[in-house]
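K.L.:
Hey, dropping query-v2.cif in here, mmCIF, C-alpha atoms:
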data_entry
loop_
_atom_site.label_atom_id
_atom_site.label_comp_id
_atom_site.auth_asym_id
_atom_site.auth_seq_id
_atom_site.Cartn_x
_atom_site.Cartn_y
_atom_site.Cartn_z
CA MET P 1432 11.43 28.60 64.02
CA GLU P 1433 8.07 30.14 63.30
CA LEU P 1434 6.01 31.05 66.36
CA ILE P 1435 2.98 32.33 64.46
CA SER P 1436 2.04 31.78 60.84
CA PRO P 1437 3.24 34.34 58.25
CA ALA P 1438 -0.35 34.73 57.00
CA LYS P 1439 -1.52 35.70 60.48
CA SER P 1440 1.26 38.23 61.12
CA VAL P 1441 1.03 39.81 57.65
CA GLY P 1442 -2.76 39.90 57.81
CA THR P 1443 -2.67 41.61 61.19
CA CYS P 1444 -0.17 44.20 59.94
CA LEU P 1445 -2.32 44.86 56.90
CA LEU P 1446 -5.38 45.36 59.10
CA LEU P 1447 -3.49 47.75 61.35
CA SER P 1448 -2.37 49.75 58.29
CA VAL P 1449 -5.94 50.05 57.03
CA ILE P 1450 -7.19 51.12 60.46
CA TYR P 1451 -4.44 53.76 60.76
CA VAL P 1452 -5.16 55.35 57.38
CA ALA P 1453 -8.95 55.03 57.70
CA SER P 1454 -8.84 56.85 61.05
CA LEU P 1455 -7.48 59.93 59.28
CA TYR P 1456 -10.62 60.13 57.14
CA MET P 1457 -13.23 59.33 59.79
CA TRP P 1458 -14.00 63.04 60.12
CA ASN P 1459 -16.26 64.82 57.66
CA SER P 1460 -14.13 67.89 57.01
CA LYS P 1461 -13.73 70.12 53.97
CA GLU P 1462 -10.53 71.70 55.26
CA ASN P 1463 -7.11 70.64 53.94
CA ARG P 1464 -4.69 68.48 55.93
CA ASP P 1465 -2.74 71.52 57.21
CA HIS P 1466 -5.76 73.29 58.70
CA PRO P 1467 -5.58 73.36 62.52
CA SER P 1468 -9.02 71.77 62.92
CA THR P 1469 -8.05 68.89 60.60
CA ILE P 1470 -4.76 68.39 62.42
CA LEU P 1471 -6.45 68.28 65.84
CA LYS P 1472 -9.01 65.76 64.64
CA ARG P 1473 -6.28 63.58 63.19
CA PHE P 1474 -4.33 63.82 66.44
CA LEU P 1475 -7.34 62.27 68.16
CA SER P 1476 -7.62 59.63 65.43
CA VAL P 1477 -4.02 58.42 65.64
CA PHE P 1478 -4.05 58.43 69.44
CA LEU P 1479 -7.13 56.20 69.33
CA VAL P 1480 -5.30 53.87 66.93
CA MET P 1481 -2.28 53.85 69.23
CA SER P 1482 -4.51 52.82 72.12
CA VAL P 1483 -5.82 49.73 70.31
CA SER P 1484 -2.74 48.67 68.30
CA PRO P 1485 -1.02 46.86 71.20
CA VAL P 1486 -4.16 44.74 71.61
CA PHE P 1487 -3.56 43.23 68.17
CA LEU P 1488 0.02 42.42 69.10
CA TYR P 1489 -1.04 40.86 72.39
CA VAL P 1490 -3.83 38.73 70.90
CA VAL P 1491 -1.85 37.44 67.90
CA SER P 1492 1.56 36.92 69.56
CA SER P 1493 2.76 33.53 70.65
CA GLN P 1494 2.61 32.84 74.36
CA SER P 1495 6.28 31.84 74.25
CA LEU P 1496 7.14 35.49 73.55
CA LEU P 1497 4.88 36.95 76.21
CA THR P 1498 6.17 34.58 78.87
CA ARG P 1499 9.75 35.78 78.27
CA VAL P 1500 9.03 39.52 78.19
CA THR P 1501 6.17 41.89 78.87
CA LEU P 1502 4.14 43.30 76.02
CA TRP P 1503 5.74 46.74 76.49
CA GLU P 1504 9.25 45.30 76.44
CA ALA P 1505 8.46 43.49 73.18
CA MET P 1506 7.38 46.87 71.80
CA GLY P 1507 10.68 48.47 72.76
CA PHE P 1508 9.64 50.26 75.96
CA ARG P 1509 12.27 49.41 78.55
CA ARG P 1510 14.88 51.23 80.63
CA ASP P 1511 18.07 49.23 80.01
CA GLY P 1512 20.14 50.97 77.35
CA ILE P 1513 17.55 53.69 76.71
CA LEU P 1514 20.05 56.59 76.90
CA MET P 1515 22.31 54.97 74.31
CA ALA P 1516 19.26 54.18 72.17
CA PHE P 1517 18.43 57.88 72.13
CA VAL P 1518 21.88 59.39 71.61
CA ILE P 1519 23.59 57.00 69.17
CA PRO P 1520 20.80 56.66 66.55
CA LEU P 1521 20.31 60.44 66.67
CA CYS P 1522 24.02 61.08 66.05
CA LEU P 1523 24.11 58.35 63.41
CA THR P 1524 21.18 59.91 61.54
CA ALA P 1525 22.74 63.37 61.84
CA LEU P 1526 25.90 61.95 60.26
CA LEU P 1527 23.84 60.80 57.30
CA PHE P 1528 22.71 64.43 56.91
CA LEU P 1529 26.23 65.84 57.21
CA GLY P 1530 25.88 67.67 53.88
CA PRO P 1531 22.53 69.40 54.61
CA ILE P 1532 23.64 70.21 58.17
CA SER P 1533 26.82 71.81 56.78
CA MET P 1534 24.65 73.94 54.50
CA GLN P 1535 22.75 75.18 57.56
CA VAL P 1536 26.05 76.00 59.27
CA PHE P 1537 27.28 77.99 56.26
CA SER P 1538 23.99 79.90 56.05
CA GLY P 1539 23.94 80.63 59.78
CA MET P 1540 20.59 78.88 60.22
CA TRP P 1541 22.06 76.62 62.92
CA ARG P 1542 22.07 79.57 65.35
CA LEU P 1543 18.28 79.33 65.57
CA TYR P 1544 18.56 76.08 67.50
CA PHE P 1545 20.27 77.86 70.38
CA ARG P 1546 17.46 80.39 70.81
CA PRO P 1547 14.80 79.48 73.40
CA THR P 1548 12.25 81.49 71.41
CA TYR P 1549 12.71 79.12 68.45
CA TRP P 1550 11.77 76.10 70.54
CA PHE P 1551 8.95 77.93 72.31
CA SER P 1552 7.37 79.02 69.04
CA SER P 1553 7.90 75.54 67.56
CA PHE P 1554 6.08 73.79 70.40
CA CYS P 1555 3.27 76.29 70.05
CA ASN P 1556 3.00 75.56 66.31
CA ILE P 1557 0.55 72.74 65.60
CA LEU P 1558 2.14 71.99 62.20
CA TRP P 1559 5.55 71.60 63.86
CA LEU P 1560 4.07 69.34 66.51
CA ARG P 1561 2.43 67.18 63.86
CA ASN P 1562 5.57 66.80 61.76
CA HIS P 1563 8.12 66.42 64.56
CA VAL P 1564 6.23 64.78 67.40
CA VAL P 1565 2.82 63.26 66.66
CA ALA P 1566 3.53 61.84 63.20
CA PRO P 1567 6.83 60.13 64.18
CA LEU P 1568 5.34 58.98 67.49
CA SER P 1569 2.16 57.46 66.05
CA GLU P 1570 3.78 55.99 62.95
CA GLU P 1571 6.69 54.40 64.77
CA PHE P 1572 4.37 53.11 67.48
CA THR P 1573 1.99 51.48 65.00
CA PHE P 1574 4.26 50.49 62.12
CA ARG P 1575 7.35 49.53 64.10
CA ALA P 1576 6.57 48.85 67.77
CA CYS P 1577 3.37 46.91 67.06
CA MET P 1578 4.09 45.36 63.66
CA LEU P 1579 7.75 44.36 63.85
CA PRO P 1580 7.38 42.12 66.93
CA LEU P 1581 4.65 40.29 65.03
CA LEU P 1582 6.70 39.82 61.87
CA LEU P 1583 9.77 38.78 63.85
CA GLN P 1584 7.74 35.84 65.12
CA SER P 1585 7.11 34.65 61.57
CA PHE P 1586 10.09 35.76 59.49
CA SER P 1587 13.84 36.14 59.79
CA PRO P 1588 14.98 39.59 61.00
CA THR P 1589 16.21 40.49 57.49
CA ALA P 1590 12.88 39.56 55.90
CA ALA P 1591 10.92 41.42 58.58
CA ILE P 1592 13.07 44.54 58.20
CA PHE P 1593 12.36 44.66 54.46
CA LEU P 1594 8.70 43.65 54.78
CA VAL P 1595 7.37 46.02 57.43
CA PRO P 1596 8.28 49.24 55.50
CA LEU P 1597 5.90 48.13 52.75
CA PHE P 1598 2.95 48.71 55.07
CA PHE P 1599 4.44 52.04 56.13
CA ALA P 1600 5.18 53.23 52.58
CA VAL P 1601 1.90 52.06 51.03
CA ALA P 1602 0.00 53.84 53.82
CA HIS P 1603 1.39 57.14 52.50
CA PHE P 1604 -0.46 56.68 49.20
CA HIS P 1605 -3.50 58.24 50.82
CA HIS P 1606 -1.84 61.60 50.12
CA ILE P 1607 -2.97 61.16 46.50
CA ILE P 1608 -6.51 61.94 47.66
CA GLU P 1609 -5.43 65.17 49.31
CA ARG P 1610 -3.31 66.25 46.35
CA LEU P 1611 -6.23 65.72 43.98
CA ARG P 1612 -8.45 67.77 46.29
CA THR P 1613 -6.09 70.73 45.87
CA GLY P 1614 -6.57 70.59 42.09
CA MET P 1615 -3.37 68.76 41.20
CA ASP P 1616 -3.59 66.66 38.04
CA VAL P 1617 -3.66 62.89 38.40
CA LYS P 1618 -0.28 62.27 36.73
CA THR P 1619 1.57 64.71 39.00
CA ALA P 1620 -0.21 63.42 42.11
CA VAL P 1621 0.66 59.80 41.30
CA THR P 1622 4.27 60.68 40.44
CA MET P 1623 4.76 62.55 43.70
CA SER P 1624 3.18 59.71 45.67
CA CYS P 1625 5.42 57.13 43.97
CA PHE P 1626 8.46 59.23 44.87
CA GLN P 1627 7.16 59.51 48.44
CA PHE P 1628 6.63 55.73 48.51
CA THR P 1629 10.27 55.21 47.51
CA TYR P 1630 11.90 57.35 50.17
CA THR P 1631 9.47 56.32 52.92
CA TYR P 1632 10.21 52.68 52.12
CA ILE P 1633 13.96 53.29 52.30
CA PHE P 1634 13.59 55.16 55.57
CA GLY P 1635 11.30 52.39 56.83
CA ILE P 1636 14.08 49.85 56.31
CA TYR P 1637 16.46 52.01 58.34
CA SER P 1638 13.88 52.55 61.07
CA ALA P 1639 13.05 48.84 61.29
CA TYR P 1640 16.77 48.05 61.40
CA LEU P 1641 17.23 50.42 64.34
CA PHE P 1642 14.31 48.90 66.22
CA THR P 1643 15.48 45.33 65.69
CA LYS P 1644 19.11 46.06 66.52
CA THR P 1645 18.50 48.23 69.59
CA GLY P 1646 15.26 46.69 70.82
CA HIS P 1647 14.14 50.22 71.74
CA PHE P 1648 11.21 52.28 70.47
CA VAL P 1649 13.06 55.54 71.07
CA ALA P 1650 15.74 54.73 68.47
CA PRO P 1651 13.50 54.81 65.36
CA PHE P 1652 11.41 57.60 66.90
CA VAL P 1653 14.30 60.08 67.22
CA ALA P 1654 15.60 59.11 63.77
CA HIS P 1655 12.14 59.68 62.28
CA ALA P 1656 11.70 63.04 64.01
CA PHE P 1657 15.14 64.20 62.89
CA CYS P 1658 14.53 63.13 59.28
CA ASN P 1659 11.20 64.98 59.28
CA HIS P 1660 13.00 68.06 60.55
CA MET P 1661 15.70 67.93 57.87
CA GLY P 1662 13.39 66.96 55.01
CA PHE P 1663 14.56 65.56 51.70
CA PRO P 1664 17.96 67.07 50.70
CA ASP P 1665 17.64 69.94 48.23
CA VAL P 1666 19.99 68.80 45.47
CA MET P 1667 19.16 71.78 43.25
CA GLU P 1668 20.31 74.20 45.94
CA LEU P 1669 23.52 72.20 46.28
CA THR P 1670 24.43 72.65 42.60
CA SER P 1671 24.22 76.44 42.83
CA HIS P 1672 25.88 76.84 46.24
CA PRO P 1673 29.18 78.83 46.22
CA ARG P 1674 30.81 76.04 48.24
CA LYS P 1675 29.28 73.24 46.22
CA HIS P 1676 32.48 71.20 45.88
CA LEU P 1677 33.08 71.15 49.62
CA LEU P 1678 29.42 70.34 50.22
CA GLN P 1679 29.46 67.54 47.66
CA PHE P 1680 32.43 66.06 49.52
CA LEU P 1681 30.57 66.38 52.85
CA TYR P 1682 27.47 64.73 51.38
CA VAL P 1683 29.55 61.75 50.26
CA LEU P 1684 31.57 61.69 53.48
CA GLY P 1685 28.41 61.62 55.56
CA LEU P 1686 26.89 58.79 53.54
CA VAL P 1687 30.05 56.66 53.51
CA SER P 1688 30.69 57.23 57.22
CA TRP P 1689 27.08 56.30 58.01
CA ILE P 1690 27.37 53.06 56.03
CA LEU P 1691 30.63 52.10 57.75
CA LEU P 1692 29.49 52.98 61.28
CA LEU P 1693 25.94 51.62 61.05
CA PRO P 1694 26.72 47.98 61.98
CA ILE P 1695 29.23 49.04 64.66
CA ALA P 1696 27.03 51.69 66.31
CA THR P 1697 23.99 49.41 66.38
CA ALA P 1698 25.55 46.36 68.05
CA PRO P 1699 22.77 44.89 70.26
CA THR P 1700 25.06 44.63 73.30
CA ILE P 1701 25.32 48.44 73.45
CA TYR P 1702 21.58 48.64 74.08
CA ALA P 1703 21.17 45.56 76.32
CA ASN P 1704 19.04 44.06 73.56
CA HIS P 1705 18.64 40.49 74.75
CA LEU P 1706 15.24 39.95 73.15
CA TYR P 1707 16.09 40.48 69.50
CA ALA P 1708 19.86 39.95 69.74
CA GLN P 1709 19.28 36.19 69.65
CA GLN P 1710 17.68 36.54 66.23
CA LEU P 1711 20.32 38.81 64.64
#
Kindly present the structure from the file in C-alpha cells form.

P.N.:
Amino acid sequence: MELISPAKSVGTCLLLSVIYVASLYMWNSKENRDHPSTILKRFLSVFLVMSVSPVFLYVVSSQSLLTRVTLWEAMGFRRDGILMAFVIPLCLTALLFLGPISMQVFSGMWRLYFRPTYWFSSFCNILWLRNHVVAPLSEEFTFRACMLPLLLQSFSPTAAIFLVPLFFAVAHFHHIIERLRTGMDVKTAVTMSCFQFTYTYIFGIYSAYLFTKTGHFVAPFVAHAFCNHMGFPDVMELTSHPRKHLLQFLYVLGLVSWILLLPIATAPTIYANHLYAQQL
C-alpha cells in the first residue's frame, strides 16, 4: 500500500540529485577535478548536501514510517546486525572480483595491503580519500540512505531497487563537462559517459539491493568503497596474461558464485532487518 505518492517521492529524489550535482559546481574554480583545492571544496559541498538530505526524507515521509522507527534507523543507521552488514557484503563483493583479485595475487601486488606504510600514505592522499571514503560515503548517504526509504514508501522493493540507480547513474553525466574542459572531443566524452552510466546503474542496483535486504547503510558503503578500489576489470590485460585460462575460469567462478550466494548471504534475518524485511 502506498504511503506517499510516487510523484512526491520521485520528485524529491530528483531534487536531491540536482542539489548534489549542483553543489559540485558552486565554486568558481579553473582547476580540474583532481586538483587538491577542487577536491577540498567539493568535500565541503557534499558534506553540506549530506547535512540537509535527511531533512527531505523527514519532511516527505509518511508519519506511519516515522512512528515505527527513527529517521536514522530508516536510513540504515542502527546497531543490530551491523557487524554482519559490514563483513558479509564486503566478502560477497570481493567474491565478485575473484578474477581481478587473483591477478593481484599472481603479480604480488596483494603484499602492499599488509604494509602499514601503504595505508598511512593512502590516508594522507586526498585523491585516495575522495575515491575510497568521501565519494562512497556521500553518494550512498544521499542516493541510497535518503532516497531509497522514500521510494520504498511509494513502490514495491523491486521497483525501488531498479528506480533509484537512475538518479545515481544520471548524476554521473556531469563528468561530460569536465572531460570537455580537458579538450576531449564531444563524441568521445559522450561515449565514455554513456559507458559510465551503464556500469554505475548496474552497481546502483546491487547497492540498492544490499541496502533493502540488510537495512544497513554500511552494507552498500563498503561495497561501493571496495568497487572503487578495484576499478573496472581490465579485460585487455586478462587476454595477454600468461595464466589467462586459469584467470578466465576464476572470473567466471567468481561471478557464478556471487549470483548463487547473493540471495542466501543477504537474507534479512541475518541482519535483524525488521523494517524492510516485511516488504521483501

K.L.:
I'd like the neighbourhood of P:Leu1678 as a list in words, where a residue qualifies if any of its atoms comes within 8 Å (using all atoms listed in the file), though same-chain residues fewer than 3 positions away should be ignored.

P.N.:
Gly1530, Ser1533, Met1534, Leu1669, Arg1674, Lys1675, Leu1681 and Tyr1682 of chain P

K.L.:
Using C-alpha atoms, can you export the residues from the last selection as a CSV table (one decimal), in the frame of the given file?

P.N.:
chain,number,residue,atom,x,y,z
P,1530,GLY,CA,25.9,67.7,53.9
P,1533,SER,CA,26.8,71.8,56.8
P,1534,MET,CA,24.6,73.9,54.5
P,1669,LEU,CA,23.5,72.2,46.3
P,1674,ARG,CA,30.8,76.0,48.2
P,1675,LYS,CA,29.3,73.2,46.2
P,1681,LEU,CA,30.6,66.4,52.8
P,1682,TYR,CA,27.5,64.7,51.4

K.L.:
Measuring between all atoms listed in the file, which one of P:Phe1663, P:Phe1598, P:Phe1652, P:Phe1657 shows the shortest distance to P:Tyr1632?

P.N.:
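Going through P:Phe1663, P:Phe1598, P:Phe1652, P:Phe1657 one by one, the smallest distance to P:Tyr1632 is for P:Phe1598.
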
K.L.:
To one decimal place, how far is atom CA of P:Asn1463 from atom CA of P:Asp1665 in Å?

P.N.:
25.4 Å

K.L.:
Ranking P:Asn1556, P:Asn1704, P:Thr1645, P:Thr1524 by minimum distance to P:Cys1658 and counting all atoms listed in the file, which one comes first?

P.N.:
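Of P:Asn1556, P:Asn1704, P:Thr1645, P:Thr1524, the one nearest P:Cys1658 is P:Thr1524, counting all atoms listed in the file.
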
K.L.:
With the PyMOL selection byres ((chain P and resi 1659) around 10) as the selection, what would be picked from this file? Answer as a list in words, please.

P.N.:
Trp1559, Asn1562, His1563, Val1564, Ala1566, Pro1567, Val1653, Ala1654, His1655, Ala1656, Phe1657, Cys1658, His1660, Met1661, Gly1662 and Phe1663 of chain P

K.L.:
Residues of stretch 1505-1599 of chain P that approach stretch 1607-1629 of chain P to 12 Å or less, counting all atoms listed in the file: could you list each one with the shortest pair of atoms and its distance in Å to one decimal, rows by chain and increasing residue number, as a Markdown table?

P.N.:
| residue | atom | partner | partner_atom | distance |
| --- | --- | --- | --- | --- |
| P:Pro1596 | CA | P:Phe1628 | CA | 9.7 |
| P:Leu1597 | CA | P:Phe1628 | CA | 8.7 |
| P:Phe1598 | CA | P:Phe1628 | CA | 10.3 |
| P:Phe1599 | CA | P:Phe1628 | CA | 8.7 |

K.L.:
Can you write out the residues you just picked, keeping C-alpha atoms, as a PDB file, in the coordinates of the input?

P.N.:
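Resulting contents of result34.pdb:
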ATOM      1  CA  PRO P1596       8.280  49.240  55.500  1.00  0.00           C
ATOM      2  CA  LEU P1597       5.900  48.130  52.750  1.00  0.00           C
ATOM      3  CA  PHE P1598       2.950  48.710  55.070  1.00  0.00           C
ATOM      4  CA  PHE P1599       4.440  52.040  56.130  1.00  0.00           C
TER       5      PHE P1599
END

K.L.:
Enclose all atoms of stretch 1434-1451 of chain P listed in the file in an axis-aligned box, grow every side by 5 Å, and hand back centre and edge lengths in Å to one decimal, as lines of an AutoDock Vina configuration file.

P.N.:
center_x = -0.6
center_y = 42.4
center_z = 61.6
size_x = 23.2
size_y = 32.7
size_z = 19.5

K.L.:
Of the candidates P:Leu1706, P:Leu1475, P:Leu1521, P:Val1666, which shows the shortest atom-to-atom distance to P:Arg1499, using all atoms listed in the file?

P.N.:
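That would be P:Leu1706, the residue with the smallest distance to P:Arg1499.
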
K.L.:
How would you write, as a ChimeraX atom specification, the residues chosen by the PyMOL selection byres ((chain P and resi 1588) around 12) on this structure?

P.N.:
/P:1432-1433,1579-1587,1589-1595,1636,1639-1644,1707-1711

K.L.:
Hey, which of P:Ile1513, P:Ile1532, P:Val1490, P:Val1477 ends up closest to P:Val1565? Count all atoms listed in the file.

P.N.:
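Going through P:Ile1513, P:Ile1532, P:Val1490, P:Val1477 one by one, the smallest distance to P:Val1565 is for P:Val1477.
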
K.L.:
For P:Arg1473, please output as a short mmCIF file (atom, residue, chain, number, x, y, z; two decimals) with C-alpha atoms, in the frame of the given file all residues within 8 Å (counting only C-alpha atoms; exclusion window: fewer than 3 positions along the same chain).

P.N.:
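Below you can see around05.cif, which holds the result:
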data_model
loop_
_atom_site.label_atom_id
_atom_site.label_comp_id
_atom_site.auth_asym_id
_atom_site.auth_seq_id
_atom_site.Cartn_x
_atom_site.Cartn_y
_atom_site.Cartn_z
CA SER P 1454 -8.84 56.85 61.05
CA LEU P 1455 -7.48 59.93 59.28
CA THR P 1469 -8.05 68.89 60.60
CA ILE P 1470 -4.76 68.39 62.42
CA SER P 1476 -7.62 59.63 65.43
CA VAL P 1477 -4.02 58.42 65.64
#

K.L.:
Between P:Phe1551, P:Phe1648, P:Phe1478, P:Tyr1702, which has the minimum distance to P:Trp1503 (counting all atoms listed in the file)?

P.N.:
P:Phe1648

K.L.:
Tell me which residues the PyMOL selection byres ((chain P and resi 1447-1450) around 8) grabs here, as number ranges by chain.

P.N.:
P: 1443-1446, 1451-1454, 1480, 1484, 1573-1574, 1598-1599, 1602

K.L.:
Generate a file of the selected residues that holds C-alpha atoms, formatted as an mmCIF file, keeping the file's coordinate frame.

P.N.:
data_model
loop_
_atom_site.group_PDB
_atom_site.id
_atom_site.type_symbol
_atom_site.label_atom_id
_atom_site.label_comp_id
_atom_site.auth_asym_id
_atom_site.auth_seq_id
_atom_site.Cartn_x
_atom_site.Cartn_y
_atom_site.Cartn_z
ATOM 1 C CA THR P 1443 -2.670 41.610 61.190
ATOM 2 C CA CYS P 1444 -0.170 44.200 59.940
ATOM 3 C CA LEU P 1445 -2.320 44.860 56.900
ATOM 4 C CA LEU P 1446 -5.380 45.360 59.100
ATOM 5 C CA TYR P 1451 -4.440 53.760 60.760
ATOM 6 C CA VAL P 1452 -5.160 55.350 57.380
ATOM 7 C CA ALA P 1453 -8.950 55.030 57.700
ATOM 8 C CA SER P 1454 -8.840 56.850 61.050
ATOM 9 C CA VAL P 1480 -5.300 53.870 66.930
ATOM 10 C CA SER P 1484 -2.740 48.670 68.300
ATOM 11 C CA THR P 1573 1.990 51.480 65.000
ATOM 12 C CA PHE P 1574 4.260 50.490 62.120
ATOM 13 C CA PHE P 1598 2.950 48.710 55.070
ATOM 14 C CA PHE P 1599 4.440 52.040 56.130
ATOM 15 C CA ALA P 1602 0.000 53.840 53.820
#

K.L.:
Can you work out which one of P:Val1649, P:Met1457, P:Leu1692, P:Val1687 has the shortest atom-to-atom distance to P:Arg1509, counting only C-alpha atoms?

P.N.:
P:Val1649

K.L.:
Counting all atoms listed in the file, which residues sit no farther than 9 Å from the position (24.3, 58.1, 65.2) in the file's frame? I'd like them as a count of residues only.

P.N.:
16

K.L.:
Have stretch 1596-1604 of chain P completed to all heavy atoms, please, and pass it along as a tab-separated table (two decimals), in the coordinates of the input.

P.N.:
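Heads up, here's the output in part.tsv:
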chain	number	residue	atom	x	y	z
P	1596	PRO	N	8.39	47.91	56.13
P	1596	PRO	CA	8.28	49.24	55.50
P	1596	PRO	C	7.26	49.29	54.36
P	1596	PRO	O	6.84	50.38	53.99
P	1596	PRO	CB	9.70	49.50	54.97
P	1596	PRO	CG	10.57	48.60	55.74
P	1596	PRO	CD	9.76	47.38	56.01
P	1597	LEU	N	6.90	48.13	53.80
P	1597	LEU	CA	5.90	48.13	52.75
P	1597	LEU	C	4.56	48.66	53.27
P	1597	LEU	O	3.89	49.44	52.61
P	1597	LEU	CB	5.71	46.72	52.17
P	1597	LEU	CG	6.83	46.21	51.25
P	1597	LEU	CD1	6.59	44.75	50.90
P	1597	LEU	CD2	6.90	47.07	49.99
P	1598	PHE	N	4.19	48.23	54.47
P	1598	PHE	CA	2.95	48.71	55.07
P	1598	PHE	C	3.04	50.21	55.34
P	1598	PHE	O	2.10	50.96	55.10
P	1598	PHE	CB	2.66	47.96	56.38
P	1598	PHE	CG	2.54	46.48	56.22
P	1598	PHE	CD1	3.57	45.64	56.59
P	1598	PHE	CD2	1.39	45.92	55.69
P	1598	PHE	CE1	3.47	44.26	56.45
P	1598	PHE	CE2	1.27	44.54	55.55
P	1598	PHE	CZ	2.31	43.71	55.92
P	1599	PHE	N	4.20	50.63	55.81
P	1599	PHE	CA	4.44	52.04	56.13
P	1599	PHE	C	4.42	52.90	54.88
P	1599	PHE	O	3.78	53.96	54.84
P	1599	PHE	CB	5.80	52.15	56.83
P	1599	PHE	CG	6.24	53.55	57.14
P	1599	PHE	CD1	5.53	54.34	58.02
P	1599	PHE	CD2	7.39	54.08	56.56
P	1599	PHE	CE1	5.94	55.63	58.32
P	1599	PHE	CE2	7.81	55.36	56.85
P	1599	PHE	CZ	7.09	56.14	57.74
P	1600	ALA	N	5.09	52.44	53.82
P	1600	ALA	CA	5.18	53.23	52.58
P	1600	ALA	C	3.85	53.27	51.84
P	1600	ALA	O	3.44	54.33	51.35
P	1600	ALA	CB	6.28	52.65	51.69
P	1601	VAL	N	3.19	52.12	51.74
P	1601	VAL	CA	1.90	52.06	51.03
P	1601	VAL	C	0.87	52.95	51.73
P	1601	VAL	O	0.02	53.57	51.08
P	1601	VAL	CB	1.40	50.61	50.92
P	1601	VAL	CG1	-0.04	50.57	50.42
P	1601	VAL	CG2	2.30	49.81	49.99
P	1602	ALA	N	0.95	53.02	53.06
P	1602	ALA	CA	0.00	53.84	53.82
P	1602	ALA	C	0.07	55.31	53.41
P	1602	ALA	O	-0.91	56.04	53.54
P	1602	ALA	CB	0.27	53.70	55.32
P	1603	HIS	N	1.23	55.74	52.90
P	1603	HIS	CA	1.39	57.14	52.50
P	1603	HIS	C	0.72	57.44	51.16
P	1603	HIS	O	0.66	58.61	50.76
P	1603	HIS	CB	2.87	57.50	52.43
P	1603	HIS	CG	3.49	57.73	53.78
P	1603	HIS	ND1	3.80	56.69	54.62
P	1603	HIS	CD2	3.82	58.86	54.45
P	1603	HIS	CE1	4.32	57.17	55.74
P	1603	HIS	NE2	4.35	58.48	55.67
P	1604	PHE	N	0.21	56.43	50.47
P	1604	PHE	CA	-0.46	56.68	49.20
P	1604	PHE	C	-1.77	57.43	49.38
P	1604	PHE	O	-2.33	57.94	48.40
P	1604	PHE	CB	-0.72	55.35	48.45
P	1604	PHE	CG	0.39	54.98	47.50
P	1604	PHE	CD1	1.17	53.86	47.74
P	1604	PHE	CD2	0.64	55.73	46.36
P	1604	PHE	CE1	2.20	53.51	46.86
P	1604	PHE	CE2	1.65	55.40	45.48
P	1604	PHE	CZ	2.44	54.27	45.73
